[in-house]
Amino acid sequence: MFAPAPALPVSDADPFALDVLQDPLPFQADLRDAGPVVYLRRYDVFALGRYEQVHAALTDWQSFHSAAGVGLSNFRYETPWRPPSILLEADPPHHDAPRAVLSKILGPRALQKLRASWIRDADILVDQLLSNTTEFDVVTDLAAAFPLRVFPDAVGISGTGRENLLPYGDHAFNSFGPLNSLVEKGAPRVAELSGWVNEQCARDALTGDGFGAQIWAAADRGDITYEQAPLAVRSLLTAGVDTTVNGLAAVLYAFAKHPEQWARLRENRTLARTAFDEAVRWESPVQTFFRTATSDTEIGGTVIPDGRKILMFLGAANRDPRRWDNPDVFDLDRNPSGHVGYGMGIHQCVGQHVARLESEALLTALASRVESLEIAGPVRRHLNNTLRSWESVPVRVRLA
Ligand code: OVM
């Protein structure tokens, strides 16, 4: 075991304990206040809770790399549960070609082609829902329903088995944490879910015109290898569903809790984009990622020894009062840019324009039909080692 230097604060807290995952804010405040780096004895890792150090670590891939895994498991010593991601769990130079390919396929220019149809799909979904009822669950009826309607089609996967996407992603995000009850709960289905996901990544399983086909076309051009193509498709299917479901749930929950902000959006629909970014800052759907020190590296006055893991609390950084005024307030007047909810630096979320487009379509459809919304029952969280997630957010709406 590493012997902590006297100046280094030490904590016995467990950020992956179920009660902490249920409400991580008190733990995160303690972590930030304890110091810029805190040694977590239970996991033998160095935790960063302040914006300054989280940002610094995210943008220094030379010192804090990803190829040893971005979860607790250290790939130098442990075998990953699946072949590593060629994006998330890779460093330059290997990381760069797949990253360039996905940046282009998922970039703002390319997404223009999807914009009109996604706006229409959001209108149809919201019309159908509101023609039946004014009380519903924003998590299942909107935040999950909309990405599941548009994203698998955009990737180009087949119609059957889509119910596997959320459980697969849930397990993938649990797997970044320790082997606790959340990982154990997912273990019995790993082989089945991975088998299905891997089948969807094959060229002949994909439609001719989606993101998946475009990835394979990049292999034809030699931009990536044929071995990399199915793994790049797998990244879309792993990282593209649970994240956007929880991002959309975050923004809808934020509005349900802040009726005055909904009124502002109704007056000025161009605030839809800021609203989503502010919700990603406020709720941080992806709460944490790890990195591994490539050599003895100083951060916040502490030397992280070569090969050791740091744990970056994106959610804590996004609510650090050293960086944000009134960080706990969801506020459309704030400029949320610079938040680390999508990460920062070379690994910053390559799918963020997809997420933003989904949100814009859904919020615009809702804003033209819903005068106000309020929480109409108990809000239930879904616990995950990495994601800030929901089981249920019941709302009641008044139609415009
Ligand atoms: C991946 C990936 C990327 C980002 C997040 C993530 C499970 C996975 O490339 O598979 O979470």
# chains A, B, ... in the order shown; residues from 1 in each chain; ligands from 1
>>> residues_near_ligand(ligand="ligand 1", cutoff="7 Å", atoms="only C-alpha atoms and all ligand atoms", output="VMD selection string")
chain A and resid 85 to 88 169 172 to 173 234 to 236 238 to 239
>>> write_last_selection(atoms="N, CA and C atoms", output="PDB file, in the first residue's frame")
ATOM      1  N   SER A  85     -12.068  -0.109 -25.535  1.00  0.00           N
ATOM      2  CA  SER A  85     -12.544   0.829 -26.549  1.00  0.00           C
ATOM      3  C   SER A  85     -11.349   1.458 -27.257  1.00  0.00           C
ATOM      4  N   ILE A  86     -11.439   1.568 -28.589  1.00  0.00           N
ATOM      5  CA  ILE A  86     -10.346   2.192 -29.353  1.00  0.00           C
ATOM      6  C   ILE A  86     -10.393   3.714 -29.264  1.00  0.00           C
ATOM      7  N   LEU A  87     -11.414   4.251 -28.615  1.00  0.00           N
ATOM      8  CA  LEU A  87     -11.506   5.704 -28.402  1.00  0.00           C
ATOM      9  C   LEU A  87     -11.258   6.049 -26.943  1.00  0.00           C
ATOM     10  N   LEU A  88     -12.180   5.569 -26.105  1.00  0.00           N
ATOM     11  CA  LEU A  88     -12.191   5.946 -24.688  1.00  0.00           C
ATOM     12  C   LEU A  88     -10.967   5.433 -23.952  1.00  0.00           C
ATOM     13  N   GLY A 169     -25.513  -0.584 -21.806  1.00  0.00           N
ATOM     14  CA  GLY A 169     -24.863   0.662 -21.391  1.00  0.00           C
ATOM     15  C   GLY A 169     -24.807   0.787 -19.873  1.00  0.00           C
ATOM     16  N   ALA A 172     -21.987  -1.289 -18.764  1.00  0.00           N
ATOM     17  CA  ALA A 172     -20.695  -0.710 -19.153  1.00  0.00           C
ATOM     18  C   ALA A 172     -20.325   0.430 -18.197  1.00  0.00           C
ATOM     19  N   PHE A 173     -21.288   1.268 -17.866  1.00  0.00           N
ATOM     20  CA  PHE A 173     -20.990   2.394 -16.972  1.00  0.00           C
ATOM     21  C   PHE A 173     -20.808   1.924 -15.528  1.00  0.00           C
ATOM     22  N   ARG A 234     -19.237  -0.171 -31.938  1.00  0.00           N
ATOM     23  CA  ARG A 234     -19.538  -0.547 -30.550  1.00  0.00           C
ATOM     24  C   ARG A 234     -19.489   0.676 -29.623  1.00  0.00           C
ATOM     25  N   SER A 235     -18.559   1.588 -29.864  1.00  0.00           N
ATOM     26  CA  SER A 235     -18.497   2.808 -29.042  1.00  0.00           C
ATOM     27  C   SER A 235     -19.795   3.601 -29.135  1.00  0.00           C
ATOM     28  N   LEU A 236     -20.335   3.727 -30.347  1.00  0.00           N
ATOM     29  CA  LEU A 236     -21.602   4.457 -30.493  1.00  0.00           C
ATOM     30  C   LEU A 236     -22.703   3.788 -29.692  1.00  0.00           C
ATOM     31  N   THR A 238     -22.390   1.833 -27.125  1.00  0.00           N
ATOM     32  CA  THR A 238     -22.129   1.836 -25.677  1.00  0.00           C
ATOM     33  C   THR A 238     -22.366   3.209 -25.080  1.00  0.00           C
ATOM     34  N   ALA A 239     -21.847   4.213 -25.761  1.00  0.00           N
ATOM     35  CA  ALA A 239     -21.789   5.553 -25.161  1.00  0.00           C
ATOM     36  C   ALA A 239     -22.941   6.442 -25.594  1.00  0.00           C
TER      37      ALA A 239
END
>>> residues_around(residues="range 358-370 of chain A", least_positions_apart="5", cutoff="6 Å", atoms="only C-alpha atoms", output="PyMOL selection string")
chain A and resi 119+122-123+266+272+398-400
>>> write_last_selection(atoms="N, CA and C atoms", output="compact mmCIF listing (two decimals), in the first residue's frame")
# COMPACT_ATOMS: atom_id res chain seq x y z
N ILE A 119 -36.62 16.54 -35.62
CA ILE A 119 -37.59 17.52 -35.12
C ILE A 119 -39.01 16.99 -35.37
N ALA A 122 -39.71 14.16 -32.90
CA ALA A 122 -39.98 14.68 -31.55
C ALA A 122 -41.40 15.23 -31.49
N ASP A 123 -41.83 15.94 -32.54
CA ASP A 123 -43.20 16.46 -32.59
C ASP A 123 -44.21 15.32 -32.50
N ARG A 266 -39.98 29.22 -22.82
CA ARG A 266 -41.18 29.43 -23.64
C ARG A 266 -41.13 30.79 -24.33
N ALA A 272 -32.99 26.82 -25.72
CA ALA A 272 -32.98 25.35 -25.62
C ALA A 272 -31.55 24.80 -25.57
N ARG A 398 -49.51 21.41 -17.90
CA ARG A 398 -50.65 22.20 -18.36
C ARG A 398 -50.39 22.52 -19.82
N LEU A 399 -51.35 22.21 -20.68
CA LEU A 399 -51.14 22.41 -22.11
C LEU A 399 -51.30 23.87 -22.48
N ALA A 400 -50.54 24.27 -23.48
CA ALA A 400 -50.58 25.66 -23.92
C ALA A 400 -51.88 25.92 -24.70
>>> select_by_dssp(residues="range 253-349 of chain A", states="helix (DSSP H, G or I)", output="ChimeraX atom specification")
/A:253-257,259-267,269-283,314-317,345-347
>>> residues_around(residues="Asn74 in chain A", least_positions_apart="4", cutoff="10 Å", atoms="only C-alpha atoms", output="PyMOL selection string")
chain A and resi 66-70+78-80+290-292+307-309
>>> write_last_selection(atoms="C-alpha atoms", output="short mmCIF file (atom, residue, chain, number, x, y, z; two decimals), in the first residue's frame")
data_model
loop_
_atom_site.label_atom_id
_atom_site.label_comp_id
_atom_site.auth_asym_id
_atom_site.auth_seq_id
_atom_site.Cartn_x
_atom_site.Cartn_y
_atom_site.Cartn_z
CA SER A 66 -6.53 6.39 -20.72
CA ALA A 67 -5.08 3.18 -22.15
CA ALA A 68 -4.85 1.64 -18.64
CA GLY A 69 -8.63 2.07 -18.47
CA VAL A 70 -10.80 4.96 -17.36
CA GLU A 78 -6.16 -6.65 -14.75
CA THR A 79 -7.92 -8.01 -17.83
CA PRO A 80 -10.76 -5.73 -19.00
CA PHE A 290 -10.41 7.67 -13.90
CA ARG A 291 -7.01 8.21 -15.47
CA THR A 292 -3.63 6.60 -14.78
CA GLY A 307 0.95 3.80 -12.76
CA ARG A 308 -1.50 4.93 -10.07
CA LYS A 309 -5.11 5.87 -10.67
#
>>> residues_around(residues="range 96-100 of chain A", least_positions_apart="4", cutoff="10 Å", atoms="only C-alpha atoms", output="compact mmCIF listing (two decimals) with N, CA, C and O atoms, in the first residue's frame")
# COMPACT_ATOMS: atom_id res chain seq x y z
N ILE A 86 -11.44 1.57 -28.59
CA ILE A 86 -10.35 2.19 -29.35
C ILE A 86 -10.39 3.71 -29.26
O ILE A 86 -9.50 4.39 -29.77
N LEU A 87 -11.41 4.25 -28.61
CA LEU A 87 -11.51 5.70 -28.40
C LEU A 87 -11.26 6.05 -26.94
O LEU A 87 -10.30 6.73 -26.58
N LEU A 88 -12.18 5.57 -26.10
CA LEU A 88 -12.19 5.95 -24.69
C LEU A 88 -10.97 5.43 -23.95
O LEU A 88 -10.41 6.12 -23.10
N ALA A 90 -7.97 4.51 -25.11
CA ALA A 90 -6.80 4.57 -25.99
C ALA A 90 -6.14 5.94 -25.87
O ALA A 90 -6.79 6.93 -25.52
N ASP A 91 -4.85 5.98 -26.16
CA ASP A 91 -4.08 7.23 -26.15
C ASP A 91 -3.59 7.53 -27.56
O ASP A 91 -3.51 6.63 -28.39
N PRO A 92 -3.21 8.78 -27.80
CA PRO A 92 -2.49 9.06 -29.04
C PRO A 92 -1.23 8.19 -29.12
O PRO A 92 -0.63 7.94 -28.08
N LYS A 104 -16.04 13.48 -37.58
CA LYS A 104 -16.64 13.90 -38.84
C LYS A 104 -18.06 13.36 -38.98
O LYS A 104 -18.99 14.09 -39.31
N ILE A 105 -18.23 12.06 -38.70
CA ILE A 105 -19.55 11.42 -38.86
C ILE A 105 -20.58 12.01 -37.91
O ILE A 105 -21.76 12.11 -38.24
N ILE A 215 -18.85 4.44 -40.82
CA ILE A 215 -17.63 3.97 -40.16
C ILE A 215 -16.95 2.91 -41.03
O ILE A 215 -15.73 2.96 -41.26
N ALA A 218 -15.25 4.43 -43.90
CA ALA A 218 -13.95 5.00 -43.51
C ALA A 218 -12.86 3.93 -43.53
O ALA A 218 -11.70 4.22 -43.87
N ALA A 219 -13.23 2.69 -43.18
CA ALA A 219 -12.25 1.59 -43.27
C ALA A 219 -11.90 1.32 -44.73
O ALA A 219 -10.73 1.08 -45.07
N GLY A 222 -9.33 3.53 -45.84
CA GLY A 222 -8.06 3.39 -45.14
C GLY A 222 -7.88 4.38 -44.00
O GLY A 222 -6.80 4.47 -43.43
N ASP A 223 -8.95 5.09 -43.64
CA ASP A 223 -8.83 6.06 -42.53
C ASP A 223 -8.70 5.36 -41.19
O ASP A 223 -8.08 5.87 -40.25
N ILE A 224 -9.37 4.21 -41.07
CA ILE A 224 -9.17 3.30 -39.93
C ILE A 224 -9.02 1.89 -40.50
O ILE A 224 -9.27 1.69 -41.70
N THR A 225 -8.64 0.94 -39.68
CA THR A 225 -8.48 -0.44 -40.18
C THR A 225 -9.84 -1.17 -40.12
O THR A 225 -10.75 -0.75 -39.40
N GLN A 228 -10.70 -2.08 -36.67
CA GLN A 228 -11.21 -1.00 -35.82
C GLN A 228 -12.68 -0.69 -36.07
O GLN A 228 -13.37 -0.20 -35.16
N ALA A 229 -13.16 -0.95 -37.28
CA ALA A 229 -14.52 -0.51 -37.64
C ALA A 229 -15.59 -1.03 -36.68
O ALA A 229 -16.38 -0.24 -36.16
N LEU A 231 -15.35 -1.97 -33.66
CA LEU A 231 -15.17 -1.40 -32.32
C LEU A 231 -15.62 0.06 -32.27
O LEU A 231 -16.11 0.53 -31.23
N ALA A 232 -15.47 0.77 -33.38
CA ALA A 232 -15.98 2.15 -33.41
C ALA A 232 -17.50 2.16 -33.37
O ALA A 232 -18.12 3.00 -32.70
N ILE A 346 -8.71 15.98 -25.41
CA ILE A 346 -8.76 15.12 -26.61
C ILE A 346 -9.86 14.07 -26.56
O ILE A 346 -10.27 13.55 -27.59
N HIS A 347 -10.35 13.71 -25.37
CA HIS A 347 -11.39 12.69 -25.26
C HIS A 347 -12.77 13.30 -25.07
O HIS A 347 -13.74 12.57 -24.86
N VAL A 350 -17.36 12.85 -28.14
CA VAL A 350 -17.40 13.02 -29.60
C VAL A 350 -18.85 13.03 -30.09
O VAL A 350 -19.13 13.47 -31.20
>>> residues_around(residues="Phe146 in chain A", least_positions_apart="4", cutoff="12 Å", atoms="only C-alpha atoms", output="ChimeraX atom specification")
/A:118-126,129,138-142,150-153,241-242,244-249,355,357-363,365
>>> residues_around(residues="Gly161 in chain A", least_positions_apart="5", cutoff="10 Å", atoms="only C-alpha atoms", output="short mmCIF file (atom, residue, chain, number, x, y, z; two decimals) with all heavy atoms, in the first residue's frame")
data_model
loop_
_atom_site.label_atom_id
_atom_site.label_comp_id
_atom_site.auth_asym_id
_atom_site.auth_seq_id
_atom_site.Cartn_x
_atom_site.Cartn_y
_atom_site.Cartn_z
N LEU A 193 -25.74 -9.86 -23.63
CA LEU A 193 -25.82 -8.48 -24.11
C LEU A 193 -24.63 -8.12 -25.00
O LEU A 193 -24.79 -7.50 -26.06
CB LEU A 193 -25.91 -7.50 -22.93
CG LEU A 193 -27.18 -7.59 -22.08
CD1 LEU A 193 -27.05 -6.73 -20.82
CD2 LEU A 193 -28.41 -7.17 -22.88
N TRP A 196 -25.05 -9.73 -28.41
CA TRP A 196 -25.97 -9.00 -29.27
C TRP A 196 -25.34 -7.71 -29.80
O TRP A 196 -25.37 -7.42 -31.00
CB TRP A 196 -27.27 -8.67 -28.52
CG TRP A 196 -28.23 -7.90 -29.37
CD1 TRP A 196 -29.10 -8.41 -30.31
CD2 TRP A 196 -28.39 -6.47 -29.42
NE1 TRP A 196 -29.77 -7.39 -30.92
CE2 TRP A 196 -29.37 -6.20 -30.40
CE3 TRP A 196 -27.80 -5.41 -28.72
CZ2 TRP A 196 -29.78 -4.88 -30.70
CZ3 TRP A 196 -28.20 -4.11 -29.02
CH2 TRP A 196 -29.18 -3.87 -30.00
N VAL A 197 -24.71 -6.94 -28.90
CA VAL A 197 -24.09 -5.67 -29.33
C VAL A 197 -23.01 -5.94 -30.39
O VAL A 197 -22.97 -5.27 -31.43
CB VAL A 197 -23.50 -4.90 -28.12
CG1 VAL A 197 -22.55 -3.78 -28.58
CG2 VAL A 197 -24.64 -4.31 -27.27
N GLN A 200 -24.31 -6.51 -33.83
CA GLN A 200 -24.82 -5.31 -34.50
C GLN A 200 -23.71 -4.50 -35.18
O GLN A 200 -23.99 -3.64 -36.01
CB GLN A 200 -25.55 -4.38 -33.52
CG GLN A 200 -26.63 -5.04 -32.68
CD GLN A 200 -27.57 -5.90 -33.50
OE1 GLN A 200 -28.15 -5.43 -34.48
NE2 GLN A 200 -27.71 -7.16 -33.12
#
>>> closest_residue(among="A:Ala110, A:Leu148, A:Met312, A:Val101", to="Ala217 in chain A", atoms="only C-alpha atoms")
A:Val101
>>> residues_around(residues="Phe330 in chain A", least_positions_apart="6", cutoff="12 Å", atoms="only C-alpha atoms", output="VMD selection string")
chain A and resid 250 to 262 274 to 283 318 to 319 324 336
>>> write_last_selection(atoms="N, CA, C and O atoms", output="CSV table (one decimal), in the first residue's frame")
chain,number,residue,atom,x,y,z
A,250,ALA,N,-32.2,14.8,-17.3
A,250,ALA,CA,-31.6,15.8,-16.5
A,250,ALA,C,-32.3,17.2,-16.8
A,250,ALA,O,-32.7,17.9,-15.9
A,251,VAL,N,-32.3,17.5,-18.1
A,251,VAL,CA,-32.9,18.8,-18.5
A,251,VAL,C,-34.4,18.9,-18.2
A,251,VAL,O,-34.9,19.9,-17.7
A,252,LEU,N,-35.1,17.8,-18.4
A,252,LEU,CA,-36.5,17.8,-18.1
A,252,LEU,C,-36.8,17.8,-16.6
A,252,LEU,O,-37.7,18.6,-16.1
A,253,TYR,N,-36.0,17.1,-15.8
A,253,TYR,CA,-36.1,17.2,-14.4
A,253,TYR,C,-35.8,18.6,-13.9
A,253,TYR,O,-36.5,19.2,-13.0
A,254,ALA,N,-34.7,19.2,-14.5
A,254,ALA,CA,-34.4,20.6,-14.1
A,254,ALA,C,-35.5,21.6,-14.3
A,254,ALA,O,-35.8,22.4,-13.5
A,255,PHE,N,-36.2,21.4,-15.5
A,255,PHE,CA,-37.3,22.3,-15.8
A,255,PHE,C,-38.5,22.0,-14.8
A,255,PHE,O,-39.2,23.0,-14.4
A,256,ALA,N,-38.7,20.8,-14.6
A,256,ALA,CA,-39.9,20.4,-13.7
A,256,ALA,C,-39.6,21.0,-12.3
A,256,ALA,O,-40.6,21.4,-11.6
A,257,LYS,N,-38.4,21.2,-11.9
A,257,LYS,CA,-38.0,21.7,-10.6
A,257,LYS,C,-37.9,23.2,-10.6
A,257,LYS,O,-37.8,23.9,-9.5
A,258,HIS,N,-37.8,23.8,-11.8
A,258,HIS,CA,-37.6,25.3,-11.9
A,258,HIS,C,-38.6,25.9,-12.9
A,258,HIS,O,-38.2,26.2,-14.0
A,259,PRO,N,-39.9,26.0,-12.5
A,259,PRO,CA,-40.9,26.5,-13.4
A,259,PRO,C,-40.6,27.8,-14.0
A,259,PRO,O,-41.0,28.1,-15.2
A,260,GLU,N,-39.9,28.7,-13.3
A,260,GLU,CA,-39.6,30.0,-13.9
A,260,GLU,C,-38.6,29.9,-15.1
A,260,GLU,O,-38.7,30.7,-16.0
A,261,GLN,N,-37.8,28.9,-15.0
A,261,GLN,CA,-36.9,28.7,-16.2
A,261,GLN,C,-37.6,28.1,-17.4
A,261,GLN,O,-37.3,28.5,-18.5
A,262,TRP,N,-38.7,27.3,-17.1
A,262,TRP,CA,-39.5,26.9,-18.3
A,262,TRP,C,-40.2,28.0,-18.9
A,262,TRP,O,-40.3,28.1,-20.2
A,274,THR,N,-28.7,26.4,-24.6
A,274,THR,CA,-28.1,26.7,-23.3
A,274,THR,C,-28.6,25.8,-22.2
A,274,THR,O,-27.9,25.3,-21.3
A,275,ALA,N,-30.0,25.6,-22.3
A,275,ALA,CA,-30.6,24.8,-21.2
A,275,ALA,C,-30.0,23.4,-21.1
A,275,ALA,O,-29.8,22.9,-20.0
A,276,PHE,N,-29.7,22.8,-22.3
A,276,PHE,CA,-29.2,21.4,-22.2
A,276,PHE,C,-27.8,21.5,-21.6
A,276,PHE,O,-27.4,20.6,-20.8
A,277,ASP,N,-27.0,22.4,-22.1
A,277,ASP,CA,-25.6,22.5,-21.5
A,277,ASP,C,-25.6,22.8,-20.0
A,277,ASP,O,-24.8,22.2,-19.2
A,278,GLU,N,-26.5,23.7,-19.6
A,278,GLU,CA,-26.6,24.0,-18.2
A,278,GLU,C,-27.1,22.7,-17.4
A,278,GLU,O,-26.6,22.5,-16.3
A,279,ALA,N,-28.0,22.0,-18.0
A,279,ALA,CA,-28.4,20.7,-17.3
A,279,ALA,C,-27.3,19.7,-17.2
A,279,ALA,O,-27.2,19.0,-16.2
A,280,VAL,N,-26.5,19.6,-18.3
A,280,VAL,CA,-25.3,18.7,-18.2
A,280,VAL,C,-24.3,19.2,-17.1
A,280,VAL,O,-23.8,18.3,-16.4
A,281,ARG,N,-24.2,20.5,-17.0
A,281,ARG,CA,-23.3,21.0,-15.9
A,281,ARG,C,-24.0,20.6,-14.5
A,281,ARG,O,-23.3,20.1,-13.7
A,282,TRP,N,-25.2,21.0,-14.4
A,282,TRP,CA,-25.9,20.9,-13.1
A,282,TRP,C,-26.1,19.5,-12.6
A,282,TRP,O,-25.9,19.2,-11.4
A,283,GLU,N,-26.4,18.5,-13.5
A,283,GLU,CA,-26.6,17.2,-13.1
A,283,GLU,C,-25.5,16.2,-13.4
A,283,GLU,O,-25.3,15.2,-12.8
A,318,ASN,N,-18.2,20.4,-11.6
A,318,ASN,CA,-19.3,21.2,-12.3
A,318,ASN,C,-20.1,22.0,-11.2
A,318,ASN,O,-21.0,22.8,-11.6
A,319,ARG,N,-19.9,21.7,-9.9
A,319,ARG,CA,-20.6,22.4,-8.9
A,319,ARG,C,-19.6,23.0,-7.9
A,319,ARG,O,-20.0,23.3,-6.7
A,324,TRP,N,-17.9,28.4,-10.0
A,324,TRP,CA,-19.2,28.7,-10.5
A,324,TRP,C,-19.9,29.5,-9.4
A,324,TRP,O,-19.9,29.2,-8.2
A,336,PRO,N,-22.8,28.3,-19.2
A,336,PRO,CA,-22.2,27.0,-18.6
A,336,PRO,C,-21.0,26.5,-19.4
A,336,PRO,O,-20.5,25.5,-19.0
>>> closest_atom_pairs(of="range 337-362 of chain A", to="range 45-55 of chain A", cutoff="10 Å", atoms="only C-alpha atoms", output="tab-separated table")
residue	atom	partner	partner_atom	distance
A:Gly338	CA	A:His55	CA	9.1
A:His339	CA	A:Tyr51	CA	8.6
A:Val340	CA	A:His55	CA	7.1
A:Gly343	CA	A:His55	CA	8.3
A:Met344	CA	A:His55	CA	6.9
A:Gly345	CA	A:His55	CA	8.7
